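Student: Sending over a structure as structure tokens; questions will come in a sec.
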Amino acid sequence: MGLLIKNGYLIDPATNKEGVFDILIEKGKVCRIAKNIRTKGTLIDAKGMLVFPGLIDMHCHLREPGGEDKETILSGSLSAVSGGFTTICCMPNTNPPIDNKVTVRFVINRGEESECEVLPIGAITKGREGKDLAPYGEMVEEGAVAFSDDGDCVMDSLVMRRALEYTKLYNKPVISHSEDKNLLKNGVMNEGVVSAKMGLVGIPSEAEIIMAYRDISLARRTGGRLHLAHLSTAESVEMVRAAKKQMDNLTCEVTIHHLCLTEDDVKDYNPNCKVSPPLRTGRDVAALIKGLKEGVVDCIVTDHAPHTEERKRSGFENAPFGMIGFETAISLAMELRNEGLSLMGILSCFTVGPARVLGIDRGCIKEGKYADMVIFDPEREWVYRREDIRSKSVNSPFIGREMTGRVIKTIRRGKVVFDLNLKG
Ligand SMILES: [Zn+2]
Ligand SMILES: [Zn+2]
């Protein structure tokens, strides 16, 4: 019997396939892609809709274990599928941190009870303390897909060097939150004219630039796989552009919020615009977008970081860093077409881009592969409303924002895991 998606406009960067096709799904997998398929079974009319691969977010924070008041793996997955994500990778800065096989297994088990695929990222160092390497082998065996101390930079260069060396054994990327803690000090926003006017302590872009340079240098020396997280400065992109000409073990990502917000958005002291790294200048944003266009930047991520309202309301300077992001990411990304990015290029950063970095067989719509896909209405106008938020936390600066283009259905392994029309 199966599920037939009819007359949708299929667009898949992995195969470069584009056009109106029917897609037949059976037993959770794509069975046929062709024109005018006839079959019994359930039919979804996707006329006028885009159909693209289920999105992959290789950088999010799900807070479980230890921060269940902010998010759980289940609530995070509900939020993710409503934004079109079918695979998400969660960072290990939980409590306890994901730095051993038991915690990796715990996350995977919880993920299996959730609505999307949850792939854990193990810590680089034990306890995320930046000192002793975590046991990579046992974590890979349980299903860790990458390593990161995200939230903190591995400040000790020798530790970082060893991490890049040892992870080579497993061919997994080290994801670096490149930020010099000493330069960071008590900074709360980008350092510049705006921070000076607002009387806030700034974080200089050099905090990122210096550490990104160190990490690239160590990756070049060791041959280990380096993935730079959430690049935010023009100079970092320029460095990656140059380095990529000489090495093939380097990839990087940008967050969606660093592409559509600048330090000017902090002007009303909105704590939901306080993120790490901080929102930068228009010049930086332009450079990040140029990096995307040229393929220097491999992925767009959410860095979904839920926080309770109580903590976010403790004043801009005391509020924790981070914003939620699953539910608005793809709609906001579609706006980048106004900046000259192609639809194929944008989707690539959410599908085949992260799939390649992680070495996972996801992010495509191909016969024989898992039927993970999104039905997206490119014309649908909508406003992101607080009452519609599926995450447990509501720390988004995009509440009230008008957007064009919305996820209508998310299908994971042939099952509809999100349906806007049933949401109520
Ligand atoms: Zn980070
Ligand atoms: Zn993060």
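Please note that chains go A, B, ... in the order of the structure tokens, that every chain numbers its residues from 1, and that ligands are numbered from 1 in the order shown.
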Within 9 Å of ligand 2, which residues show up when you count only C-alpha atoms and all ligand atoms? List them as a list in words, please.
Tutor: His59, Cys60, His61, Cys90, Met91, Asn93, Asp150, Gly151, His177, Ala229, His230, Ser276, Thr302, Asp303, His304, Ala305 and Gly322 of chain A
Student: Only N, CA and C atoms, please: the residues just picked out, written as a tab-separated table (two decimals), in the first residue's frame.
Tutor:
```
chain	number	residue	atom	x	y	z
A	59	HIS	N	23.85	20.96	14.90
A	59	HIS	CA	24.26	21.69	16.11
A	59	HIS	C	23.04	22.19	16.89
A	60	CYS	N	22.68	21.45	17.93
A	60	CYS	CA	21.61	21.94	18.80
A	60	CYS	C	21.89	21.49	20.23
A	61	HIS	N	21.14	22.07	21.14
A	61	HIS	CA	21.25	21.74	22.57
A	61	HIS	C	19.89	21.28	23.05
A	90	CYS	N	22.87	16.56	18.96
A	90	CYS	CA	22.84	17.37	20.18
A	90	CYS	C	24.22	17.43	20.83
A	91	MET	N	24.50	18.62	21.31
A	91	MET	CA	25.79	18.91	21.94
A	91	MET	C	25.86	18.31	23.35
A	93	ASN	N	26.91	19.42	26.24
A	93	ASN	CA	27.00	20.24	27.47
A	93	ASN	C	25.74	20.09	28.31
A	150	ASP	N	31.49	22.07	22.90
A	150	ASP	CA	30.73	23.29	22.60
A	150	ASP	C	30.13	23.95	23.84
A	151	GLY	N	30.14	25.25	23.78
A	151	GLY	CA	29.78	26.05	24.96
A	151	GLY	C	31.07	26.58	25.56
A	177	HIS	N	34.26	25.03	19.19
A	177	HIS	CA	33.69	26.32	19.59
A	177	HIS	C	34.91	27.23	19.78
A	229	ALA	N	32.58	25.51	14.43
A	229	ALA	CA	31.17	25.80	14.73
A	229	ALA	C	30.89	27.29	14.58
A	230	HIS	N	29.65	27.57	14.30
A	230	HIS	CA	29.09	28.94	14.30
A	230	HIS	C	30.07	30.08	14.02
A	276	SER	N	26.07	33.23	21.77
A	276	SER	CA	27.51	32.99	21.75
A	276	SER	C	27.87	32.15	20.52
A	302	THR	N	21.12	25.55	13.64
A	302	THR	CA	20.28	26.41	14.49
A	302	THR	C	21.02	26.86	15.76
A	303	ASP	N	21.89	26.01	16.28
A	303	ASP	CA	22.44	26.23	17.63
A	303	ASP	C	21.28	26.46	18.62
A	304	HIS	N	20.18	25.74	18.36
A	304	HIS	CA	18.99	25.78	19.23
A	304	HIS	C	19.43	25.64	20.69
A	305	ALA	N	19.19	26.69	21.47
A	305	ALA	CA	19.67	26.71	22.86
A	305	ALA	C	18.58	27.21	23.79
A	322	GLY	N	22.10	32.34	24.16
A	322	GLY	CA	21.42	31.34	23.32
A	322	GLY	C	19.98	31.69	23.00
```
Student: Need to verify the contact set: Lys181 of chain A, 8 Å, only C-alpha atoms, exclusion of same-chain residues closer than 3 positions in sequence. Can you return it as number ranges by chain?
Tutor: A: 153, 155, 184-185, 207
Student: Hey, can you check how far atom CA of Pro120 of chain A sits from atom CA of Ile98 of chain A?
Tutor: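 Taking atom CA of Pro120 of chain A as the start and atom CA of Ile98 of chain A as the end point, the length is 7.9 Å.
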Student: Select, from A:Met198, A:Ile175, A:Met58, A:Ile124, the residue with the minimum atom-to-atom distance to Pro354 of chain A, counting only C-alpha atoms.
Tutor: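 Using only C-alpha atoms, the shortest distance to Pro354 of chain A belongs to A:Met58.
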Student: Nearest residue to Lys126 of chain A out of A:Ile23, A:Val154, A:Arg110, A:Ala146, using only C-alpha atoms?
Tutor: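 So, comparing all the options, the nearest one is A:Val154.
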Student: May I ask for the distance between atom CA of Asp264 of chain A and atom CA of Phe321 of chain A, given in Å to one decimal place?
Tutor: 16.8 Å
Student: When you look at segment 401-412 of chain A with a cut-off of 6 Å (counting only C-alpha atoms), what residues show up, excluding the ones that are within fewer than 4 positions of it in the same chain? I need them as a list of chain:residue names.
Tutor: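 The filter keeps A:Gly84, A:Ser331, A:Asp372, A:Met373, A:Val374, A:Ile375, A:Phe376, A:Asp377, A:Pro378, A:Glu379, A:Arg380, A:Glu381, A:Trp382, A:Val383, A:Tyr384, A:Val416, A:Val417, A:Phe418, A:Asp419, A:Leu420.
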